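Everything below belongs to start-v9.pdb, which stores PDB, C-alpha atoms.
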```
MODEL        1
ATOM      1  CA  MET T   1     116.037 -68.961  96.790
ATOM      2  CA  THR T   2     119.371 -67.385  95.864
ATOM      3  CA  ALA T   3     120.198 -64.218  97.768
ATOM      4  CA  THR T   4     120.193 -61.017  95.696
ATOM      5  CA  LEU T   5     122.923 -58.393  95.576
ATOM      6  CA  PHE T   6     120.438 -55.564  96.145
ATOM      7  CA  PRO T   7     116.788 -55.244  97.213
ATOM      8  CA  THR T   8     114.264 -55.936  94.456
ATOM      9  CA  PRO T   9     110.974 -54.030  94.210
ATOM     10  CA  ASP T  10     107.617 -55.653  94.806
ATOM     11  CA  PHE T  11     105.177 -55.830  91.925
ATOM     12  CA  PRO T  12     102.796 -52.847  91.896
ATOM     13  CA  THR T  13      99.344 -53.763  93.175
ATOM     14  CA  ILE T  14      96.033 -52.241  92.078
ATOM     15  CA  PRO T  15      92.904 -52.447  94.276
ATOM     16  CA  VAL T  16      89.891 -54.442  93.117
ATOM     17  CA  LYS T  17      86.413 -53.216  94.008
ATOM     18  CA  GLY T  18      84.893 -55.384  96.731
ATOM     19  CA  GLU T  19      88.110 -57.334  97.370
ATOM     20  CA  SER T  20      90.447 -57.090 100.364
ATOM     21  CA  ALA T  21      93.437 -58.206  98.271
ATOM     22  CA  GLY T  22      94.855 -56.270  95.328
ATOM     23  CA  TYR T  23      95.819 -57.338  91.822
ATOM     24  CA  PRO T  24      99.620 -57.499  91.335
ATOM     25  CA  ILE T  25     100.877 -56.275  87.954
ATOM     26  CA  VAL T  26     103.531 -58.625  86.589
ATOM     27  CA  ARG T  27     103.490 -57.639  82.901
ATOM     28  CA  ILE T  28     101.950 -54.773  80.925
ATOM     29  CA  PHE T  29     100.969 -55.221  77.272
ATOM     30  CA  CYS T  30      99.613 -52.282  75.247
ATOM     31  CA  VAL T  31      97.624 -52.301  72.008
ATOM     32  CA  GLY T  32      98.562 -49.643  69.463
ATOM     33  CA  ARG T  33      96.164 -47.772  67.159
ATOM     34  CA  ASN T  34      93.004 -49.524  68.269
ATOM     35  CA  TYR T  35      90.652 -46.613  67.451
ATOM     36  CA  ALA T  36      90.460 -45.489  63.822
ATOM     37  CA  ALA T  37      90.128 -41.779  64.650
ATOM     38  CA  HIS T  38      93.255 -41.868  66.829
ATOM     39  CA  ALA T  39      95.242 -43.593  64.086
ATOM     40  CA  ALA T  40      94.097 -40.880  61.687
ATOM     41  CA  GLU T  41      95.166 -38.065  64.015
ATOM     42  CA  MET T  42      98.585 -39.740  64.273
ATOM     43  CA  GLY T  43      98.829 -39.845  60.483
ATOM     44  CA  VAL T  44      98.913 -43.631  60.114
ATOM     45  CA  GLU T  45      96.756 -46.352  58.624
ATOM     46  CA  VAL T  46      94.732 -48.740  60.767
ATOM     47  CA  ASP T  47      95.708 -52.410  60.611
ATOM     48  CA  ARG T  48      92.394 -54.216  60.922
ATOM     49  CA  GLU T  49      93.847 -57.697  60.314
ATOM     50  CA  ALA T  50      95.412 -58.055  63.760
ATOM     51  CA  PRO T  51      96.359 -55.900  66.736
ATOM     52  CA  PHE T  52      99.967 -54.890  67.364
ATOM     53  CA  TYR T  53     101.632 -54.411  70.711
ATOM     54  CA  PHE T  54     104.266 -52.677  72.760
ATOM     55  CA  THR T  55     105.099 -53.245  76.418
ATOM     56  CA  LYS T  56     105.727 -51.242  79.574
ATOM     57  CA  THR T  57     107.853 -52.224  82.543
ATOM     58  CA  PRO T  58     105.557 -53.225  85.443
ATOM     59  CA  THR T  59     107.551 -51.170  87.938
ATOM     60  CA  HIS T  60     106.570 -48.114  85.859
ATOM     61  CA  ALA T  61     102.948 -48.538  86.979
ATOM     62  CA  LEU T  62     101.247 -45.929  89.178
ATOM     63  CA  ALA T  63      97.975 -45.958  91.069
ATOM     64  CA  SER T  64      95.303 -43.388  90.281
ATOM     65  CA  GLY T  65      95.573 -40.211  92.335
ATOM     66  CA  ALA T  66      99.362 -40.035  92.176
ATOM     67  CA  THR T  67     101.537 -37.086  91.196
ATOM     68  CA  LEU T  68     103.918 -37.895  88.343
ATOM     69  CA  PRO T  69     106.944 -35.614  87.908
ATOM     70  CA  TYR T  70     107.242 -34.297  84.361
ATOM     71  CA  PRO T  71     109.674 -36.797  82.811
ATOM     72  CA  PRO T  72     113.144 -35.971  81.493
ATOM     73  CA  GLY T  73     114.049 -35.871  77.808
ATOM     74  CA  THR T  74     110.741 -34.594  76.440
ATOM     75  CA  GLU T  75     108.976 -31.355  75.582
ATOM     76  CA  ASN T  76     105.749 -33.033  74.462
ATOM     77  CA  PHE T  77     104.312 -35.279  77.189
ATOM     78  CA  HIS T  78     100.922 -36.712  76.178
ATOM     79  CA  TYR T  79      97.966 -38.360  77.902
ATOM     80  CA  GLU T  80      96.103 -41.349  76.443
ATOM     81  CA  MET T  81      92.910 -42.558  78.147
ATOM     82  CA  GLU T  82      92.363 -46.320  77.872
ATOM     83  CA  LEU T  83      90.348 -49.333  78.980
ATOM     84  CA  ALA T  84      92.591 -51.865  80.712
ATOM     85  CA  LEU T  85      91.816 -55.512  81.285
ATOM     86  CA  ALA T  86      93.372 -57.858  83.827
ATOM     87  CA  ILE T  87      93.955 -61.543  83.128
ATOM     88  CA  GLY T  88      92.656 -63.879  85.828
ATOM     89  CA  ARG T  89      93.583 -67.368  84.685
ATOM     90  CA  PRO T  90      96.328 -68.989  82.558
ATOM     91  CA  VAL T  91      95.527 -69.013  78.850
ATOM     92  CA  PHE T  92      97.565 -69.974  75.788
ATOM     93  CA  ARG T  93      96.341 -70.184  72.182
ATOM     94  CA  ALA T  94      92.922 -69.291  73.488
ATOM     95  CA  THR T  95      89.604 -70.014  71.879
ATOM     96  CA  ARG T  96      87.066 -67.195  71.992
ATOM     97  CA  GLU T  97      85.383 -68.846  74.975
ATOM     98  CA  ASP T  98      88.712 -69.295  76.798
ATOM     99  CA  ALA T  99      89.723 -65.692  76.107
ATOM    100  CA  ALA T 100      86.467 -64.321  77.499
ATOM    101  CA  ALA T 101      86.760 -66.484  80.606
ATOM    102  CA  ALA T 102      90.362 -65.347  81.176
ATOM    103  CA  ILE T 103      89.371 -61.670  81.617
ATOM    104  CA  TYR T 104      89.199 -61.134  85.366
ATOM    105  CA  ALA T 105      88.538 -57.396  85.591
ATOM    106  CA  TYR T 106      88.458 -54.062  83.778
ATOM    107  CA  GLY T 107      89.690 -50.642  84.784
ATOM    108  CA  CYS T 108      90.490 -47.124  83.641
ATOM    109  CA  ALA T 109      94.099 -46.509  82.647
ATOM    110  CA  LEU T 110      96.392 -43.780  81.333
ATOM    111  CA  ASP T 111      99.193 -44.443  78.854
ATOM    112  CA  MET T 112     101.456 -41.426  79.371
ATOM    113  CA  THR T 113     103.771 -40.893  76.399
ATOM    114  CA  ARG T 114     106.845 -38.848  75.487
ATOM    115  CA  ARG T 115     105.305 -38.134  72.092
ATOM    116  CA  ASP T 116     108.291 -36.344  70.593
ATOM    117  CA  LEU T 117     110.529 -39.330  71.339
ATOM    118  CA  GLN T 118     107.936 -41.813  70.069
ATOM    119  CA  LEU T 119     107.531 -39.957  66.758
ATOM    120  CA  ALA T 120     111.281 -39.569  66.317
ATOM    121  CA  ALA T 121     111.712 -43.323  66.807
ATOM    122  CA  ARG T 122     108.831 -44.076  64.436
ATOM    123  CA  ALA T 123     110.398 -41.910  61.734
ATOM    124  CA  ARG T 124     113.617 -43.913  62.017
ATOM    125  CA  GLN T 125     111.769 -47.261  62.209
ATOM    126  CA  ARG T 126     113.115 -47.814  65.717
ATOM    127  CA  PRO T 127     111.347 -49.228  68.780
ATOM    128  CA  TRP T 128     109.102 -46.918  70.804
ATOM    129  CA  ASP T 129     110.639 -47.690  74.210
ATOM    130  CA  LEU T 130     111.929 -44.188  75.004
ATOM    131  CA  GLY T 131     108.562 -42.717  74.135
ATOM    132  CA  LYS T 132     106.299 -45.269  75.766
ATOM    133  CA  ASP T 133     108.123 -47.147  78.533
ATOM    134  CA  VAL T 134     108.460 -44.131  80.808
ATOM    135  CA  GLU T 135     108.735 -44.213  84.600
ATOM    136  CA  GLY T 136     105.230 -43.757  86.005
ATOM    137  CA  SER T 137     103.638 -43.883  82.562
ATOM    138  CA  ALA T 138     101.137 -46.710  83.175
ATOM    139  CA  VAL T 139      98.463 -45.362  85.529
ATOM    140  CA  PHE T 140      95.667 -47.620  86.764
ATOM    141  CA  ALA T 141      92.455 -46.984  88.685
ATOM    142  CA  GLU T 142      90.669 -49.482  90.900
ATOM    143  CA  LEU T 143      89.598 -52.573  88.943
ATOM    144  CA  THR T 144      86.030 -53.860  88.593
ATOM    145  CA  ARG T 145      85.367 -57.568  88.182
ATOM    146  CA  ALA T 146      84.344 -58.453  84.620
ATOM    147  CA  GLU T 147      81.009 -59.940  85.642
ATOM    148  CA  ALA T 148      80.127 -56.751  87.514
ATOM    149  CA  PHE T 149      81.085 -54.531  84.580
ATOM    150  CA  GLY T 150      79.102 -56.546  82.057
ATOM    151  CA  ALA T 151      79.336 -56.642  78.272
ATOM    152  CA  ILE T 152      81.444 -54.054  76.461
ATOM    153  CA  GLY T 153      79.387 -51.892  74.136
ATOM    154  CA  GLU T 154      78.380 -48.240  74.064
ATOM    155  CA  GLN T 155      80.056 -47.212  77.321
ATOM    156  CA  ALA T 156      81.512 -43.705  77.106
ATOM    157  CA  ILE T 157      85.261 -43.221  77.550
ATOM    158  CA  HIS T 158      86.464 -39.690  78.282
ATOM    159  CA  LEU T 159      89.361 -37.614  79.603
ATOM    160  CA  GLU T 160      89.649 -34.071  80.927
ATOM    161  CA  VAL T 161      92.615 -31.795  81.611
ATOM    162  CA  ASN T 162      91.928 -29.221  84.319
ATOM    163  CA  GLY T 163      88.226 -29.958  83.869
ATOM    164  CA  GLU T 164      88.187 -29.400  80.086
ATOM    165  CA  THR T 165      87.153 -32.382  77.963
ATOM    166  CA  ARG T 166      89.912 -33.548  75.630
ATOM    167  CA  GLN T 167      88.864 -37.095  74.731
ATOM    168  CA  SER T 168      85.318 -38.387  74.252
ATOM    169  CA  SER T 169      84.429 -41.652  72.548
ATOM    170  CA  ARG T 170      82.783 -45.037  73.103
ATOM    171  CA  LEU T 171      84.164 -48.523  73.704
ATOM    172  CA  SER T 172      82.107 -49.791  70.771
ATOM    173  CA  LEU T 173      84.654 -48.076  68.494
ATOM    174  CA  LEU T 174      87.496 -50.374  69.549
ATOM    175  CA  ILE T 175      88.791 -51.963  66.343
ATOM    176  CA  HIS T 176      89.963 -55.134  68.065
ATOM    177  CA  SER T 177      87.718 -56.189  70.948
ATOM    178  CA  CYS T 178      89.069 -57.223  74.322
ATOM    179  CA  VAL T 179      88.336 -60.884  73.586
ATOM    180  CA  ASP T 180      90.009 -60.616  70.171
ATOM    181  CA  VAL T 181      93.087 -59.043  71.774
ATOM    182  CA  VAL T 182      93.372 -61.822  74.359
ATOM    183  CA  MET T 183      92.944 -64.466  71.664
ATOM    184  CA  ASP T 184      95.627 -62.899  69.492
ATOM    185  CA  LEU T 185      98.136 -62.105  72.253
ATOM    186  CA  SER T 186      97.824 -65.643  73.626
ATOM    187  CA  LYS T 187      99.279 -66.943  70.349
ATOM    188  CA  TYR T 188     102.591 -65.400  71.352
ATOM    189  CA  TYR T 189     102.616 -65.466  75.176
ATOM    190  CA  HIS T 190     101.468 -67.767  77.949
ATOM    191  CA  LEU T 191      99.117 -65.249  79.531
ATOM    192  CA  ALA T 192      98.560 -65.586  83.255
ATOM    193  CA  PRO T 193      97.231 -63.748  86.314
ATOM    194  CA  GLY T 194      99.261 -60.581  86.732
ATOM    195  CA  ASP T 195      99.117 -59.692  83.036
ATOM    196  CA  MET T 196      97.502 -56.304  82.386
ATOM    197  CA  ILE T 197      96.496 -55.285  78.859
ATOM    198  CA  MET T 198      95.889 -51.649  77.889
ATOM    199  CA  THR T 199      93.553 -51.701  74.889
ATOM    200  CA  GLY T 200      94.317 -48.401  73.126
ATOM    201  CA  THR T 201      93.177 -44.789  73.158
ATOM    202  CA  PRO T 202      90.564 -42.826  71.201
ATOM    203  CA  GLU T 203      91.262 -39.556  69.405
ATOM    204  CA  GLY T 204      91.996 -36.310  71.199
ATOM    205  CA  VAL T 205      95.404 -37.041  72.684
ATOM    206  CA  GLY T 206      97.491 -34.025  73.604
ATOM    207  CA  ALA T 207     100.199 -32.519  75.757
ATOM    208  CA  VAL T 208     100.207 -31.663  79.435
ATOM    209  CA  VAL T 209     102.541 -29.483  81.489
ATOM    210  CA  PRO T 210     103.490 -29.351  85.187
ATOM    211  CA  GLY T 211     100.517 -28.393  87.314
ATOM    212  CA  ASP T 212      97.914 -29.987  85.034
ATOM    213  CA  VAL T 213      95.377 -32.368  86.564
ATOM    214  CA  ILE T 214      94.167 -35.221  84.366
ATOM    215  CA  THR T 215      90.851 -36.932  85.088
ATOM    216  CA  GLY T 216      89.089 -39.593  83.090
ATOM    217  CA  GLY T 217      86.449 -42.252  83.195
ATOM    218  CA  ILE T 218      84.568 -45.071  81.543
ATOM    219  CA  ASP T 219      80.884 -45.721  82.266
ATOM    220  CA  GLY T 220      80.613 -48.354  84.997
ATOM    221  CA  LEU T 221      84.248 -48.161  86.170
ATOM    222  CA  THR T 222      86.074 -46.273  88.912
ATOM    223  CA  PRO T 223      87.395 -42.978  87.465
ATOM    224  CA  ILE T 224      91.090 -42.154  87.220
ATOM    225  CA  SER T 225      93.188 -39.097  88.021
ATOM    226  CA  LEU T 226      96.803 -37.971  87.731
ATOM    227  CA  THR T 227      98.580 -34.742  88.613
ATOM    228  CA  VAL T 228     101.599 -33.726  86.536
ATOM    229  CA  GLY T 229     104.308 -32.478  88.855
ATOM    230  CA  ALA T 230     107.400 -30.381  88.368
ATOM    231  CA  PRO T 231     110.459 -32.027  86.776
ATOM    232  CA  GLU T 232     112.867 -33.612  89.214
TER     233      GLU T 232
ENDMDL
END
```

Kindly transcribe the structure held in the file into structure tokens.
Amino acid sequence: MTATLFPTPDFPTIPVKGESAGYPIVRIFCVGRNYAAHAAEMGVEVDREAPFYFTKTPTHALASGATLPYPPGTENFHYEMELALAIGRPVFRATREDAAAAIYAYGCALDMTRRDLQLAARARQRPWDLGKDVEGSAVFAELTRAEAFGAIGEQAIHLEVNGETRQSSRLSLLIHSCVDVVMDLSKYYHLAPGDMIMTGTPEGVGAVVPGDVITGGIDGLTPISLTVGAPE
């Protein structure tokens, strides 16, 4: 291997329930507007024909329980509670059966967003990178193997800020199911172990400030937490 000019970071690793080894995050894909009520609160139409995506840099991932400094360049930093899925085997142009078999595990996740920068970019028809691909903005709790979690259906998904409920919905309201997302995304990428997919947030997103404590959960999965720290 060619020597590097400077040290390179390791891939972030998320624990898996019952496993001694963790799951390394190599890529992060995110599904936009995958709950109708959230799309409505953002003032946009739902595209039910196919999901659409944005990405986050894997080194921007954080483990649950961390403290994230309030990021620079924003005055409107939002939480988004999500179901994440981890790919466990290579899959490309997947059938429905292949897509289901490729899902290794599920977990709770937070998509932290500089909302003011995202909306400014959207208004100018520019990419969302400054709003979405923020240092520390992809937060993941311990993963649960797919077979242990079981079928996705009426499981509750919720988020609290300082103990007050802000988001409350059910996974059954996902517009594009996890299997549908894997099938669609595998048309464009050779998905492989290390690929994490965040499947979208329900309604109730909102701003947090330094000192706030975010908690969230999904029935059957390890809950998630994040403390918003002071700006650096």

Within 10 Å of (104.7, -36.1, 71.5) (file coordinates; all atoms listed in the file), which protein or nucleic acid residues are there? I'd like them as a ChimeraX atom specification.
/T:74-79,113-120,131,205-207

Considering all atoms listed in the file, give me a table of residues in range 80-166 of chain T that are at most 10 Å from range 53-66 of chain T, with the closest atom pair and distance in Å for each, as a Markdown table.
```
| residue | atom | partner | partner_atom | distance |
| --- | --- | --- | --- | --- |
| T:Cys108 | CA | T:Ser64 | CA | 9.0 |
| T:Ala109 | CA | T:Ser64 | CA | 8.3 |
| T:Leu110 | CA | T:Ser64 | CA | 9.0 |
| T:Asp111 | CA | T:Lys56 | CA | 9.5 |
| T:Pro127 | CA | T:Phe54 | CA | 8.8 |
| T:Trp128 | CA | T:Phe54 | CA | 7.8 |
| T:Asp129 | CA | T:Lys56 | CA | 8.1 |
| T:Lys132 | CA | T:Lys56 | CA | 7.1 |
| T:Asp133 | CA | T:Lys56 | CA | 4.9 |
| T:Val134 | CA | T:His60 | CA | 6.7 |
| T:Glu135 | CA | T:His60 | CA | 4.6 |
| T:Gly136 | CA | T:His60 | CA | 4.6 |
| T:Ser137 | CA | T:His60 | CA | 6.1 |
| T:Ala138 | CA | T:Ala61 | CA | 4.6 |
| T:Val139 | CA | T:Leu62 | CA | 4.6 |
| T:Phe140 | CA | T:Ala63 | CA | 5.2 |
| T:Ala141 | CA | T:Ser64 | CA | 4.9 |
| T:Glu142 | CA | T:Ser64 | CA | 7.7 |
```

On this structure, which residues satisfy the PyMOL selection byres ((chain T and resi 34-51) around 9), written as a list in words?
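When the PyMOL selection byres ((chain T and resi 34-51) around 9) is applied to the shown file, the picked residues are Val31, Gly32, Arg33, Phe52, Tyr53, Leu173, Leu174, Ile175, His176, Ser177, Asp180, Val181, Asp184, Leu185, Thr199, Gly200, Thr201, Pro202, Glu203, Gly204 and Val205 of chain T.
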
Hits from the PyMOL selection byres ((chain T and resi 145) around 12), listed as a PyMOL selection string
chain T and resi 15-19+22-23+84-88+101-107+142-144+146-151+220-222

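Distance check against Ile214 in chain T using all atoms listed in the file: of T:Ser168, T:Thr95, T:Ser186, T:Asn162, the minimum falls on T:Asn162.
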
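Taking CA of Cys30 in chain T and CA of Leu83 in chain T as the two end points, the separation is 10.4 Å.
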
Any chance you could work out the residue set of the PyMOL selection byres ((chain T and resi 219) around 7) here, as a list in words?
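This file, filtered by the PyMOL selection byres ((chain T and resi 219) around 7), leaves Gln155, Ala156, Ile157, Gly217, Ile218, Gly220 and Leu221 of chain T.
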
Those residues you just picked out, can you put them in a file as a tab-separated table (two decimals), keeping the file's coordinate frame with C-alpha atoms?
```tsv
chain	number	residue	atom	x	y	z
T	155	GLN	CA	80.06	-47.21	77.32
T	156	ALA	CA	81.51	-43.70	77.11
T	157	ILE	CA	85.26	-43.22	77.55
T	217	GLY	CA	86.45	-42.25	83.20
T	218	ILE	CA	84.57	-45.07	81.54
T	220	GLY	CA	80.61	-48.35	85.00
T	221	LEU	CA	84.25	-48.16	86.17
```

Go ahead and compute the interatomic distance for CA of Tyr189 in chain T and CA of Arg122 in chain T, in Å to one decimal.
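Answer for the CA of Tyr189 in chain T to CA of Arg122 in chain T separation: 24.7 Å.
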
Between T:Tyr188, T:Ile152, T:Met81, T:Glu97, which has the minimum distance to Pro223 in chain T (counting all atoms listed in the file)?
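The closest residue to Pro223 in chain T is T:Met81.
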
Would you please work out which residue, of T:Val179, T:Gly153, T:Ala94, T:Thr67, is nearest to Ser225 in chain T when using only C-alpha atoms?
T:Thr67

Have a look at T:Met112, T:Met196, T:Ile14, T:Leu159 and name the one nearest to Pro71 in chain T; count only C-alpha atoms.
T:Met112

Box time for range 77-85 of chain T: axis-aligned, enclosing all its listed atoms, 5 Å extra on each side; report centre and edge lengths in Å to one decimal, as JSON.
```
{"center_x": 97.3, "center_y": -45.4, "center_z": 78.7, "size_x": 24.0, "size_y": 30.2, "size_z": 15.1}
```

What is the CA of Ile25 in chain T to CA of Glu80 in chain T distance in Å?
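Taking CA of Ile25 in chain T as the start and CA of Glu80 in chain T as the end point, the length is 19.4 Å.
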
So, counting all atoms listed in the file, which residue among T:Glu82, T:Ser169, T:Gly229, T:Ala100 is closest to Ile197 in chain T?
T:Glu82

Under the rule that only C-alpha atoms are counted, which of T:Leu68, T:Met198, T:Val213, T:Ala123 is the nearest residue to Arg27 in chain T?
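Of T:Leu68, T:Met198, T:Val213, T:Ala123, the one nearest Arg27 in chain T, counting only C-alpha atoms, is T:Met198.
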
Could range 120-135 of chain T be completed with N, CA and C atoms and returned as a compact mmCIF listing (two decimals), in the frame of the given file?
```
# COMPACT_ATOMS: atom_id res chain seq x y z
N ALA T 120 109.92 -39.53 66.86
CA ALA T 120 111.28 -39.57 66.32
C ALA T 120 111.72 -41.01 66.07
N ALA T 121 111.37 -41.91 67.00
CA ALA T 121 111.71 -43.32 66.81
C ALA T 121 110.93 -43.92 65.64
N ARG T 122 109.65 -43.56 65.55
CA ARG T 122 108.83 -44.08 64.44
C ARG T 122 109.39 -43.65 63.09
N ALA T 123 109.85 -42.42 63.00
CA ALA T 123 110.40 -41.91 61.73
C ALA T 123 111.65 -42.66 61.32
N ARG T 124 112.38 -43.18 62.30
CA ARG T 124 113.62 -43.91 62.02
C ARG T 124 113.40 -45.42 62.04
N GLN T 125 112.14 -45.85 62.14
CA GLN T 125 111.77 -47.26 62.21
C GLN T 125 112.48 -47.96 63.36
N ARG T 126 112.51 -47.27 64.50
CA ARG T 126 113.12 -47.81 65.72
C ARG T 126 112.02 -48.12 66.74
N PRO T 127 112.34 -48.93 67.74
CA PRO T 127 111.35 -49.23 68.78
C PRO T 127 110.90 -47.97 69.52
N TRP T 128 109.72 -48.06 70.14
CA TRP T 128 109.10 -46.92 70.80
C TRP T 128 109.47 -46.79 72.28
N ASP T 129 110.42 -47.58 72.77
CA ASP T 129 110.64 -47.69 74.21
C ASP T 129 110.85 -46.35 74.90
N LEU T 130 111.67 -45.47 74.35
CA LEU T 130 111.93 -44.19 75.00
C LEU T 130 110.67 -43.33 75.09
N GLY T 131 109.78 -43.49 74.13
CA GLY T 131 108.56 -42.72 74.14
C GLY T 131 107.48 -43.29 75.02
N LYS T 132 107.42 -44.61 75.11
CA LYS T 132 106.30 -45.27 75.77
C LYS T 132 106.63 -45.86 77.14
N ASP T 133 107.80 -46.46 77.28
CA ASP T 133 108.12 -47.15 78.53
C ASP T 133 108.79 -46.17 79.49
N VAL T 134 107.99 -45.25 80.00
CA VAL T 134 108.46 -44.13 80.81
C VAL T 134 108.12 -44.41 82.27
N GLU T 135 109.00 -44.03 83.18
CA GLU T 135 108.74 -44.21 84.60
C GLU T 135 107.41 -43.53 84.98
```
